[in-house]
file work18.cif (mmCIF, C-alpha atoms)
data_coords
loop_
_atom_site.label_atom_id
_atom_site.label_comp_id
_atom_site.auth_asym_id
_atom_site.auth_seq_id
_atom_site.Cartn_x
_atom_site.Cartn_y
_atom_site.Cartn_z
CA MET A 579 1.50 -25.60 -12.90
CA LEU A 580 -2.15 -24.89 -13.61
CA PRO A 581 -2.22 -27.06 -16.77
CA PHE A 582 -1.27 -30.10 -14.65
CA ILE A 583 -3.69 -29.15 -11.88
CA GLY A 584 -6.47 -28.89 -14.43
CA GLN A 585 -5.59 -32.28 -15.90
CA LYS A 586 -5.71 -33.83 -12.44
CA PHE A 587 -9.29 -32.61 -12.01
CA GLY A 588 -10.27 -33.80 -15.49
CA ALA A 589 -10.43 -30.38 -17.15
CA THR A 590 -10.37 -30.00 -20.92
CA SER A 591 -7.71 -27.84 -22.59
CA PHE A 592 -10.29 -25.05 -22.91
CA GLN A 593 -11.19 -25.30 -19.20
CA VAL A 594 -7.51 -25.19 -18.32
CA SER A 595 -7.16 -22.03 -20.40
CA ILE A 596 -10.11 -20.50 -18.51
CA LEU A 597 -8.53 -21.46 -15.18
CA PHE A 598 -5.23 -19.98 -16.32
CA THR A 599 -6.75 -16.69 -17.47
CA LEU A 600 -9.44 -16.12 -14.85
CA MET A 601 -7.12 -14.29 -12.49
CA PRO A 602 -5.76 -11.83 -15.09
CA ALA A 603 -9.31 -11.36 -16.38
CA ILE A 604 -10.34 -10.02 -12.97
CA VAL A 605 -7.15 -7.95 -12.80
CA ILE A 606 -8.25 -6.13 -15.96
CA VAL A 607 -11.04 -4.56 -13.93
CA MET A 608 -9.32 -4.30 -10.57
CA ALA A 609 -5.92 -2.86 -11.56
CA PRO A 610 -7.26 0.62 -12.42
CA VAL A 611 -9.40 0.49 -9.27
CA TRP A 612 -6.40 -0.24 -7.04
CA GLY A 613 -4.43 2.48 -8.82
CA ARG A 614 -7.21 5.04 -8.35
CA LEU A 615 -7.55 4.13 -4.67
CA SER A 616 -3.80 4.61 -4.17
CA ASP A 617 -3.97 8.00 -5.92
CA ARG A 618 -6.70 9.06 -3.51
CA TYR A 619 -5.83 7.43 -0.18
CA GLY A 620 -2.08 6.87 -0.45
CA ARG A 621 0.04 4.05 -1.83
CA LYS A 622 1.08 2.26 1.35
CA PRO A 623 -2.27 1.55 3.08
CA VAL A 624 -3.91 0.34 -0.13
CA PHE A 625 -0.90 -1.76 -1.13
CA MET A 626 -0.54 -3.39 2.29
CA GLY A 627 -4.25 -4.14 2.50
CA ALA A 628 -4.25 -5.84 -0.89
CA LEU A 629 -1.10 -7.80 -0.10
CA GLY A 630 -2.55 -9.08 3.17
CA ALA A 631 -5.74 -10.10 1.39
CA SER A 632 -3.65 -12.04 -1.13
CA ALA A 633 -2.60 -14.39 1.68
CA LEU A 634 -6.23 -15.34 2.21
CA THR A 635 -6.75 -16.04 -1.48
CA PHE A 636 -3.79 -18.44 -1.53
CA VAL A 637 -5.24 -20.27 1.45
CA ALA A 638 -8.53 -20.57 -0.43
CA PHE A 639 -6.69 -21.97 -3.45
CA GLY A 640 -4.87 -24.51 -1.30
CA MET A 641 -8.13 -25.69 0.25
CA ALA A 642 -9.87 -26.12 -3.11
CA ASP A 643 -10.44 -29.79 -3.97
CA THR A 644 -12.77 -29.50 -6.97
CA LEU A 645 -12.42 -27.70 -10.29
CA GLN A 646 -15.27 -25.35 -9.39
CA GLU A 647 -13.56 -24.34 -6.15
CA MET A 648 -10.38 -23.74 -8.15
CA PHE A 649 -12.25 -21.26 -10.30
CA TYR A 650 -13.58 -19.42 -7.23
CA ALA A 651 -10.12 -19.20 -5.70
CA ARG A 652 -8.57 -17.91 -8.93
CA ALA A 653 -11.25 -15.22 -9.13
CA LEU A 654 -10.38 -14.05 -5.61
CA GLN A 655 -6.70 -13.98 -6.54
CA GLY A 656 -7.59 -11.70 -9.43
CA VAL A 657 -9.26 -9.20 -7.10
CA THR A 658 -6.06 -8.71 -5.09
CA GLY A 659 -3.64 -9.24 -7.99
CA GLY A 660 -4.38 -5.85 -9.54
CA SER A 661 -2.43 -4.17 -6.76
CA VAL A 662 0.85 -4.80 -8.61
CA ALA A 663 0.36 -1.48 -10.41
CA ILE A 664 0.72 0.30 -7.05
CA ALA A 665 4.32 -0.88 -6.77
CA PHE A 666 5.08 0.66 -10.16
CA ALA A 667 3.34 3.87 -9.11
CA MET A 668 5.46 4.04 -5.94
CA VAL A 669 8.60 3.81 -8.06
CA ALA A 670 7.28 6.50 -10.40
CA ASP A 671 6.63 8.72 -7.36
CA SER A 672 10.20 8.28 -6.16
CA THR A 673 12.26 8.59 -9.36
CA THR A 674 13.13 11.12 -12.04
CA HIS A 675 12.39 10.70 -15.73
CA ASP A 676 15.92 9.75 -16.71
CA ASN A 677 16.32 6.90 -14.19
CA ARG A 678 12.73 5.69 -14.00
CA ALA A 679 13.08 2.82 -16.48
CA LYS A 680 16.04 1.46 -14.53
CA TYR A 681 14.18 1.38 -11.22
CA LEU A 682 11.01 0.04 -12.78
CA GLY A 683 13.28 -2.68 -14.14
CA TYR A 684 14.39 -3.48 -10.61
CA VAL A 685 10.77 -3.90 -9.53
CA SER A 686 10.09 -6.13 -12.52
CA ALA A 687 13.24 -8.10 -11.70
CA ALA A 688 11.98 -8.67 -8.16
CA MET A 689 8.73 -9.97 -9.61
CA ALA A 690 10.67 -12.13 -12.07
CA MET A 691 12.64 -13.59 -9.18
CA ALA A 692 9.34 -14.90 -7.87
CA PHE A 693 8.72 -16.55 -11.25
CA PHE A 694 12.21 -18.03 -11.02
CA VAL A 695 12.04 -19.33 -7.45
CA GLY A 696 8.30 -20.07 -7.43
CA PRO A 697 8.20 -22.77 -10.14
CA MET A 698 11.21 -24.56 -8.68
CA LEU A 699 9.78 -24.49 -5.18
CA GLY A 700 6.34 -25.39 -6.50
CA GLY A 701 7.72 -28.28 -8.53
CA PHE A 702 9.58 -29.57 -5.48
CA LEU A 703 6.52 -29.32 -3.24
CA MET A 704 4.12 -30.78 -5.81
CA GLY A 705 6.26 -33.70 -6.97
CA SER A 706 6.52 -35.32 -10.39
CA ASP A 707 3.67 -37.85 -10.24
CA LEU A 708 0.63 -36.44 -12.06
CA GLU A 709 -1.75 -38.64 -10.03
CA SER A 710 -0.48 -37.88 -6.54
CA PHE A 711 0.95 -34.36 -6.54
CA SER A 712 -0.52 -31.77 -4.18
CA HIS A 713 -1.25 -28.14 -5.03
CA ALA A 714 -2.02 -27.25 -1.40
CA ARG A 715 1.56 -27.19 -0.10
CA PRO A 716 2.85 -24.51 -2.51
CA ALA A 717 -0.35 -22.49 -2.01
CA TYR A 718 0.11 -22.38 1.75
CA VAL A 719 3.77 -21.45 1.37
CA ALA A 720 2.71 -18.57 -0.91
CA ALA A 721 0.19 -17.43 1.70
CA GLY A 722 2.91 -17.39 4.34
CA LEU A 723 5.18 -15.35 2.11
CA CYS A 724 2.40 -12.81 1.57
CA ILE A 725 2.01 -12.44 5.32
CA VAL A 726 5.75 -11.94 5.78
CA ALA A 727 5.83 -9.35 2.99
CA THR A 728 2.90 -7.50 4.54
CA VAL A 729 4.59 -7.32 7.94
CA ILE A 730 7.86 -6.11 6.40
CA GLY A 731 6.02 -3.53 4.31
CA LEU A 732 4.10 -2.17 7.28
CA ALA A 733 7.34 -1.82 9.24
CA LEU A 734 9.73 -0.49 6.58
CA LEU A 735 7.88 0.79 3.51
CA LYS A 736 7.54 4.57 3.28
CA GLU A 737 4.53 6.35 1.88
CA THR A 738 5.34 7.95 -1.48
CA ARG A 739 2.06 9.76 -2.07
CA SER A 740 0.85 11.66 0.97
CA GLY A 741 -2.20 13.87 1.03
CA ALA A 742 -0.02 16.92 0.43
CA GLY A 743 1.66 15.19 -2.48
CA ARG A 744 -1.69 14.46 -4.07
CA ARG A 745 -2.76 18.08 -3.75
CA MET A 746 0.52 19.28 -5.28
CA ALA A 747 0.09 16.86 -8.18
CA ALA A 748 -3.43 18.10 -8.82
CA ILE A 749 -2.18 21.71 -8.89
CA ALA A 750 0.63 20.74 -11.25
CA ARG A 751 -1.85 19.10 -13.57
CA GLN A 752 -3.98 22.24 -13.71
CA THR A 753 -1.10 24.71 -14.13
CA GLY A 754 1.56 22.83 -16.05
CA PRO A 755 2.31 20.05 -18.50
CA HIS A 756 1.44 16.44 -17.73
CA GLN A 757 4.93 15.65 -16.53
CA THR A 758 6.56 15.97 -13.14
CA PRO A 759 9.28 18.62 -13.39
CA ASP A 760 12.74 17.14 -12.94
CA THR A 761 15.74 19.40 -12.81
CA ASP A 762 18.15 16.59 -13.70
CA GLU A 763 16.07 15.17 -16.53
CA ASP A 764 17.79 14.39 -19.80
CA GLU A 765 16.75 17.32 -21.95
CA ASP A 766 17.47 15.46 -25.16
CA ASP A 767 15.14 12.58 -24.31
CA ALA A 768 11.97 13.82 -22.62
CA PRO A 769 10.63 16.32 -25.19
CA PRO A 770 10.90 13.94 -28.18
CA VAL A 771 9.06 11.26 -26.19
CA SER A 772 6.17 13.68 -25.75
CA VAL A 773 6.18 14.52 -29.43
CA VAL A 774 6.21 10.88 -30.49
CA LEU A 775 3.39 9.90 -28.18
CA GLY A 776 1.39 12.84 -29.39
CA ARG A 777 1.54 11.43 -32.90
CA VAL A 778 0.70 7.83 -32.26
CA GLY A 779 -1.81 8.52 -29.51
CA LEU A 780 -2.38 7.05 -26.11
CA ALA A 781 -4.51 4.27 -27.58
CA ALA A 782 -1.59 3.00 -29.65
CA LEU A 783 0.63 2.97 -26.57
CA ILE A 784 -1.91 0.99 -24.58
CA ALA A 785 -2.26 -1.45 -27.50
CA GLN A 786 1.41 -2.32 -27.02
CA PHE A 787 0.65 -3.33 -23.43
CA PHE A 788 -2.08 -5.60 -24.77
CA ILE A 789 0.32 -7.22 -27.24
CA GLY A 790 2.93 -7.68 -24.54
CA GLY A 791 0.41 -9.35 -22.28
CA TYR A 792 -0.90 -11.53 -25.10
CA VAL A 793 2.54 -12.80 -26.09
CA SER A 794 3.67 -13.34 -22.48
CA GLY A 795 0.48 -15.10 -21.44
CA GLN A 796 0.25 -17.29 -24.52
CA ASP A 797 3.90 -18.35 -24.48
CA GLN A 798 3.84 -19.11 -20.76
CA PHE A 799 0.62 -21.10 -21.09
CA VAL A 800 1.72 -23.06 -24.16
CA PHE A 801 5.17 -23.93 -22.81
CA ALA A 802 3.85 -26.81 -20.71
CA PHE A 803 1.96 -28.29 -23.68
CA TRP A 804 4.95 -27.76 -25.98
CA ALA A 805 7.38 -29.42 -23.59
CA GLN A 806 5.02 -32.23 -22.61
CA GLY A 807 3.47 -32.95 -26.01
CA LEU A 808 6.54 -32.68 -28.21
CA HIS A 809 9.32 -33.64 -25.83
CA GLY A 810 7.75 -35.72 -23.03
CA TRP A 811 8.53 -33.42 -20.11
CA GLY A 812 6.72 -33.99 -16.79
CA PRO A 813 5.51 -31.53 -14.12
CA ASP A 814 8.91 -31.21 -12.45
CA ASP A 815 10.75 -30.68 -15.77
CA VAL A 816 8.24 -28.03 -16.82
CA SER A 817 8.55 -26.29 -13.45
CA PHE A 818 12.31 -25.99 -13.93
CA GLY A 819 11.72 -24.69 -17.46
CA MET A 820 9.34 -22.07 -16.10
CA ALA A 821 11.96 -21.15 -13.52
CA ALA A 822 14.47 -20.60 -16.32
CA MET A 823 11.99 -18.29 -18.03
CA GLY A 824 11.61 -16.35 -14.78
CA LEU A 825 15.39 -16.08 -14.53
CA GLY A 826 15.52 -14.72 -18.08
CA TYR A 827 12.92 -12.09 -17.27
CA MET A 828 14.86 -11.18 -14.14
CA VAL A 829 18.08 -10.78 -16.14
CA ALA A 830 16.28 -8.55 -18.64
CA THR A 831 14.48 -6.24 -16.22
CA GLY A 832 17.10 -6.06 -13.48
CA GLY A 833 20.29 -6.15 -15.53
CA LEU A 834 19.55 -4.88 -19.03
CA VAL A 835 16.82 -2.24 -18.91
CA GLY A 836 18.91 0.35 -17.06
CA PRO A 837 22.05 0.13 -19.25
CA LEU A 838 20.03 -0.13 -22.46
CA THR A 839 17.86 2.91 -21.77
CA LYS A 840 20.90 4.89 -20.70
CA ARG A 841 22.72 4.04 -23.92
CA LEU A 842 19.86 3.83 -26.42
CA GLY A 843 17.06 5.83 -24.82
CA ASP A 844 13.60 4.48 -24.10
CA LEU A 845 12.62 3.87 -27.70
CA GLY A 846 15.98 2.37 -28.65
CA ALA A 847 15.71 -0.11 -25.78
CA TYR A 848 12.13 -0.82 -26.81
CA LEU A 849 13.26 -1.71 -30.34
CA PHE A 850 16.19 -3.81 -29.10
CA GLY A 851 13.93 -5.85 -26.83
CA ALA A 852 11.38 -6.46 -29.57
CA VAL A 853 14.05 -7.66 -32.02
CA LEU A 854 15.51 -10.00 -29.41
CA ASP A 855 12.02 -11.32 -28.68
CA ALA A 856 11.47 -12.13 -32.36
CA ALA A 857 14.90 -13.73 -32.74
CA GLY A 858 14.24 -16.05 -29.81
CA LEU A 859 10.89 -17.14 -31.20
CA CYS A 860 12.49 -17.85 -34.59
CA LEU A 861 15.12 -20.02 -32.89
CA LEU A 862 12.41 -21.99 -31.09
CA LEU A 863 10.38 -22.57 -34.23
CA LEU A 864 13.32 -23.53 -36.43
CA SER A 865 14.96 -25.93 -33.97
CA ASP A 866 14.20 -29.64 -33.58
CA ASN A 867 16.28 -29.87 -30.40
CA VAL A 868 14.34 -29.34 -27.18
CA TRP A 869 17.19 -27.54 -25.44
CA LEU A 870 17.88 -25.22 -28.36
CA GLY A 871 14.16 -24.49 -28.63
CA ALA A 872 13.97 -23.78 -24.90
CA ALA A 873 16.99 -21.46 -25.26
CA GLY A 874 15.11 -19.58 -27.98
CA LEU A 875 12.11 -19.13 -25.72
CA TRP A 876 14.47 -17.93 -22.99
CA LEU A 877 15.84 -15.24 -25.31
CA ALA A 878 12.28 -14.26 -26.24
CA VAL A 879 11.44 -13.84 -22.57
CA ILE A 880 14.46 -11.57 -22.11
CA GLY A 881 13.36 -9.49 -25.08
CA ILE A 882 9.80 -9.00 -23.92
CA GLY A 883 11.06 -8.19 -20.43
CA VAL A 884 13.02 -5.27 -21.87
CA TRP A 885 10.38 -3.73 -24.09
CA ASN A 886 7.48 -4.26 -21.68
CA THR A 887 9.32 -2.55 -18.84
CA VAL A 888 10.35 0.40 -21.00
CA LEU A 889 6.70 0.90 -21.98
CA SER A 890 5.77 1.25 -18.30
CA SER A 891 8.42 3.93 -17.93
CA VAL A 892 7.06 5.88 -20.89
CA MET A 893 3.49 5.60 -19.60
CA SER A 894 4.47 6.99 -16.20
CA LYS A 895 6.21 9.95 -17.85
CA VAL A 896 3.25 11.07 -19.94
CA SER A 897 0.54 10.49 -17.31
CA PRO A 898 -0.99 13.42 -15.38
CA PRO A 899 0.84 13.68 -12.03
CA ASP A 900 -2.29 13.07 -9.98
CA GLN A 901 -3.29 10.02 -12.07
CA VAL A 902 -0.06 8.05 -12.35
CA GLY A 903 -1.44 5.19 -10.29
CA TYR A 904 -4.62 5.07 -12.34
CA MET A 905 -2.83 5.19 -15.71
CA LEU A 906 -0.34 2.51 -14.70
CA GLY A 907 -3.24 0.46 -13.42
CA LEU A 908 -5.05 0.96 -16.72
CA SER A 909 -2.01 -0.16 -18.71
CA ASN A 910 -1.60 -3.10 -16.37
CA GLY A 911 -5.24 -3.95 -17.00
CA PHE A 912 -4.70 -3.98 -20.77
CA SER A 913 -1.63 -6.14 -20.26
CA MET A 914 -3.75 -8.54 -18.26
CA ALA A 915 -6.36 -8.43 -21.02
CA GLY A 916 -3.68 -9.70 -23.35
CA ARG A 917 -2.75 -12.38 -20.86
CA VAL A 918 -6.37 -13.48 -20.88
CA ALA A 919 -6.74 -13.45 -24.65
CA GLY A 920 -3.50 -15.32 -25.37
CA PRO A 921 -4.16 -18.53 -23.42
CA LEU A 922 -7.86 -18.48 -24.28
CA ILE A 923 -7.20 -18.32 -28.01
CA ALA A 924 -4.36 -20.81 -27.80
CA GLY A 925 -6.43 -23.26 -25.77
CA SER A 926 -9.47 -22.85 -27.98
CA PHE A 927 -7.88 -23.07 -31.41
CA PHE A 928 -4.13 -23.42 -31.71
CA ILE A 929 -2.95 -26.14 -29.31
CA ASP A 930 -5.15 -28.79 -30.89
CA ILE A 931 -3.45 -28.03 -34.23
CA SER A 932 0.11 -28.00 -32.91
CA PRO A 933 1.88 -26.60 -29.80
CA GLU A 934 4.09 -24.64 -32.20
CA VAL A 935 1.26 -22.63 -33.78
CA PRO A 936 0.83 -20.24 -30.80
CA PHE A 937 4.51 -19.32 -31.03
CA MET A 938 3.99 -18.47 -34.71
CA VAL A 939 1.19 -16.13 -33.68
CA SER A 940 3.46 -14.56 -31.06
CA LEU A 941 6.12 -13.98 -33.71
CA GLY A 942 3.61 -12.20 -35.93
CA LEU A 943 2.53 -9.91 -33.09
CA VAL A 944 6.12 -9.13 -32.14
CA ALA A 945 6.74 -8.20 -35.78
CA ILE A 946 4.02 -5.55 -35.38
CA VAL A 947 5.79 -4.27 -32.27
CA ILE A 948 9.08 -4.05 -34.17
CA ALA A 949 7.45 -2.10 -36.99
CA ASN A 950 5.90 0.32 -34.48
CA ALA A 951 9.21 0.72 -32.64
CA VAL A 952 10.99 1.55 -35.90
CA ARG A 953 8.34 4.13 -36.75
CA LEU A 954 8.49 5.75 -33.31
CA THR A 955 12.29 5.83 -33.33
CA ALA A 956 12.27 7.54 -36.73
CA ALA A 957 9.68 10.05 -35.52
CA GLN A 958 11.80 10.76 -32.46
CA ALA A 959 14.84 11.38 -34.65
CA ARG A 960 12.86 13.79 -36.83
CA ALA A 961 11.61 15.65 -33.75
CA ARG A 962 15.13 16.02 -32.41
CA SER A 963 16.38 17.21 -35.80
CA ALA A 964 13.62 19.78 -36.09
CA ARG A 965 14.28 21.07 -32.60
CA SER A 966 18.04 21.35 -33.08
CA GLY A 967 17.58 22.98 -36.52
#

call {"tool": "encode", "arguments": {"input": "work18.cif", "output": "structure tokens"}}
result
Amino acid sequence: MLPFIGQKFGATSFQVSILFTLMPAIVIVMAPVWGRLSDRYGRKPVFMGALGASALTFVAFGMADTLQEMFYARALQGVTGGSVAIAFAMVADSTTHDNRAKYLGYVSAAMAMAFFVGPMLGGFLMGSDLESFSHARPAYVAAGLCIVATVIGLALLKETRSGAGRRMAAIARQTGPHQTPDTDEDEDDAPPVSVVLGRVGLAALIAQFFIGGYVSGQDQFVFAFWAQGLHGWGPDDVSFGMAAMGLGYMVATGGLVGPLTKRLGDLGAYLFGAVLDAAGLCLLLLSDNVWLGAAGLWLAVIGIGVWNTVLSSVMSKVSPPDQVGYMLGLSNGFSMAGRVAGPLIAGSFFIDISPEVPFMVSLGLVAIVIANAVRLTAAQARARSARSG
């Protein structure tokens, strides 16, 4: 709801884009830091500390009553927001290579559930009147939920990276390949993944995280302008639309990633998600009906949920065992960099032309992802053929 909050305080479209992207901009720096701290001191204490601090940042946001104070609060939220990578690292610590994508999908689905419930609850608490709605009520509710989550985590969450585990990982890195040995790993899948990534390079893999963040951030940011400018939706209507997008992401990560990776492999699921993403964007751009266009965006969200989650699985598999938290934090930082660039560019150049232009840009970037997925899938097939021959 930040576009409406910015409008209430008289912000320009560019200022709204800055407000929207300030938090992920800070996350770019902080995500690798949180990951490195969890590699060194353990996942649980660092994660719980960051989660508890998040409650304070939501209180600060709720108390903000000027645009400048909003910027300060969003910056503080960025400092604690980088801790999300620790949750992915905890899953990587606790899973094998062949089921990692599925369980990372469950974590992403839990996060998507927040994007599903949050906008609906936020829209209800804020109201539909642009002049009188309050951003404080949903902020305080979010702070309370952070406190509850911290208490539950302290009581029930188990440490997945003890001091002994860190020492074992360091030894494994020095004496063996940069993969955790798994006796039940799918032998037909893991070696080709290593071969493919060796060809395209780590930089190319991280670039995909940037594209995913760019497309997600831009589409999420532009949706409010698209729905309001072209179809007359208000804050409550947009909040329900955002909730539908969160539901789509939850369906993708919690319900589709596991079956797709089991049937198609990591790269096959990656390609499937990218194609679905592009198809949804085409439907949105070609439709004059608001509901059909929104359905297209919903399909695009499902697609990006699939291929983004699979990328996290691949990254965890090729990272050195004692740096999984750092590498996932680094990839999360590049994803946040994309989330910063997308709304900034859209707010600076594209929205003033037409709310549809940013979606055209997203489609072009997803086309690059599809081309890369096709190339990687072909390289994987060649590697398997050479190994079997």

call {"tool": "residues_around", "arguments": {"input": "work18.cif", "residues": "Leu906 (chain A)", "least_positions_apart": "4", "cutoff": "9 Å", "atoms": "all atoms listed in the file", "output": "PyMOL selection string"}}
result
chain A and resi 609-610+613+663-664+666-667+890+893-894+897+901-902+910-911

call {"tool": "residues_around", "arguments": {"input": "work18.cif", "residues": "region 820-825 of chain A", "least_positions_apart": "2", "cutoff": "12 Å", "atoms": "all atoms listed in the file", "output": "PyMOL selection string"}}
result
chain A and resi 579+686-702+794+797-802+805+813-818+827-833+869+872-883

call {"tool": "resolve_selection", "arguments": {"input": "work18.cif", "expression": "the PyMOL selection byres ((chain A and resi 856) around 9)", "output": "list in words"}}
result
Gly851, Ala852, Val853, Leu854, Asp855, Ala857, Gly858, Leu859, Cys860, Leu861, Leu877, Ala878, Gly881, Ser940, Leu941, Gly942, Val944, Ala945 and Ile948 of chain A

call {"tool": "atom_distance", "arguments": {"input": "work18.cif", "atom1": "CA of Arg621 (chain A)", "atom2": "CA of Gly722 (chain A)"}}
result
22.5 Å

call {"tool": "residues_around", "arguments": {"input": "work18.cif", "residues": "Ala642 (chain A)", "least_positions_apart": "2", "cutoff": "12 Å", "atoms": "all atoms listed in the file", "output": "VMD selection string"}}
result
chain A and resid 583 587 635 to 640 644 to 652 712 to 715 717 to 718

call {"tool": "atom_distance", "arguments": {"input": "work18.cif", "atom1": "CA of Pro936 (chain A)", "atom2": "CA of Tyr792 (chain A)"}}
result
10.6 Å

call {"tool": "closest_residue", "arguments": {"input": "work18.cif", "among": "A:Val888, A:Ala785, A:Leu732, A:Leu723", "to": "Leu842 (chain A)", "atoms": "only C-alpha atoms"}}
result
A:Val888

call {"tool": "closest_residue", "arguments": {"input": "work18.cif", "among": "A:Ile725, A:Ala919, A:Leu734, A:Leu889", "to": "Ala628 (chain A)", "atoms": "all atoms listed in the file"}}
result
A:Ile725

call {"tool": "atom_distance", "arguments": {"input": "work18.cif", "atom1": "CA of Leu600 (chain A)", "atom2": "CA of Cys724 (chain A)"}}
result
20.5 Å

call {"tool": "residues_around", "arguments": {"input": "work18.cif", "residues": "Leu735 (chain A)", "least_positions_apart": "5", "cutoff": "10 Å", "atoms": "only C-alpha atoms", "output": "PyMOL selection string"}}
result
chain A and resi 622+626+728-730

call {"tool": "resolve_selection", "arguments": {"input": "work18.cif", "expression": "the PyMOL selection byres ((chain A and resi 840) around 12)", "output": "ChimeraX atom specification"}}
result
/A:675-680,764,766-767,834-839,841-847,888

call {"tool": "write_last_selection", "arguments": {"input": "work18.cif", "atoms": "C-alpha atoms", "output": "PDB file, keeping the file's coordinate frame"}}
result
ATOM      1  CA  HIS A 675      12.390  10.700 -15.730  1.00  0.00           C
ATOM      2  CA  ASP A 676      15.920   9.750 -16.710  1.00  0.00           C
ATOM      3  CA  ASN A 677      16.320   6.900 -14.190  1.00  0.00           C
ATOM      4  CA  ARG A 678      12.730   5.690 -14.000  1.00  0.00           C
ATOM      5  CA  ALA A 679      13.080   2.820 -16.480  1.00  0.00           C
ATOM      6  CA  LYS A 680      16.040   1.460 -14.530  1.00  0.00           C
ATOM      7  CA  ASP A 764      17.790  14.390 -19.800  1.00  0.00           C
ATOM      8  CA  ASP A 766      17.470  15.460 -25.160  1.00  0.00           C
ATOM      9  CA  ASP A 767      15.140  12.580 -24.310  1.00  0.00           C
ATOM     10  CA  LEU A 834      19.550  -4.880 -19.030  1.00  0.00           C
ATOM     11  CA  VAL A 835      16.820  -2.240 -18.910  1.00  0.00           C
ATOM     12  CA  GLY A 836      18.910   0.350 -17.060  1.00  0.00           C
ATOM     13  CA  PRO A 837      22.050   0.130 -19.250  1.00  0.00           C
ATOM     14  CA  LEU A 838      20.030  -0.130 -22.460  1.00  0.00           C
ATOM     15  CA  THR A 839      17.860   2.910 -21.770  1.00  0.00           C
ATOM     16  CA  ARG A 841      22.720   4.040 -23.920  1.00  0.00           C
ATOM     17  CA  LEU A 842      19.860   3.830 -26.420  1.00  0.00           C
ATOM     18  CA  GLY A 843      17.060   5.830 -24.820  1.00  0.00           C
ATOM     19  CA  ASP A 844      13.600   4.480 -24.100  1.00  0.00           C
ATOM     20  CA  LEU A 845      12.620   3.870 -27.700  1.00  0.00           C
ATOM     21  CA  GLY A 846      15.980   2.370 -28.650  1.00  0.00           C
ATOM     22  CA  ALA A 847      15.710  -0.110 -25.780  1.00  0.00           C
ATOM     23  CA  VAL A 888      10.350   0.400 -21.000  1.00  0.00           C
TER      24      VAL A 888
END

call {"tool": "resolve_selection", "arguments": {"input": "work18.cif", "expression": "the PyMOL selection byres ((chain A and resi 608) around 8)", "output": "short mmCIF file (atom, residue, chain, number, x, y, z; two decimals) with C-alpha atoms, in the coordinates of the input"}}
result
data_model
loop_
_atom_site.label_atom_id
_atom_site.label_comp_id
_atom_site.auth_asym_id
_atom_site.auth_seq_id
_atom_site.Cartn_x
_atom_site.Cartn_y
_atom_site.Cartn_z
CA ILE A 604 -10.34 -10.02 -12.97
CA VAL A 605 -7.15 -7.95 -12.80
CA ILE A 606 -8.25 -6.13 -15.96
CA VAL A 607 -11.04 -4.56 -13.93
CA ALA A 609 -5.92 -2.86 -11.56
CA PRO A 610 -7.26 0.62 -12.42
CA VAL A 611 -9.40 0.49 -9.27
CA TRP A 612 -6.40 -0.24 -7.04
CA GLY A 656 -7.59 -11.70 -9.43
CA VAL A 657 -9.26 -9.20 -7.10
CA THR A 658 -6.06 -8.71 -5.09
CA GLY A 659 -3.64 -9.24 -7.99
CA GLY A 660 -4.38 -5.85 -9.54
CA SER A 661 -2.43 -4.17 -6.76
CA GLY A 911 -5.24 -3.95 -17.00
#

call {"tool": "closest_residue", "arguments": {"input": "work18.cif", "among": "A:Val884, A:Val624, A:Val662, A:Ala782", "to": "Gly826 (chain A)", "atoms": "only C-alpha atoms"}}
result
A:Val884
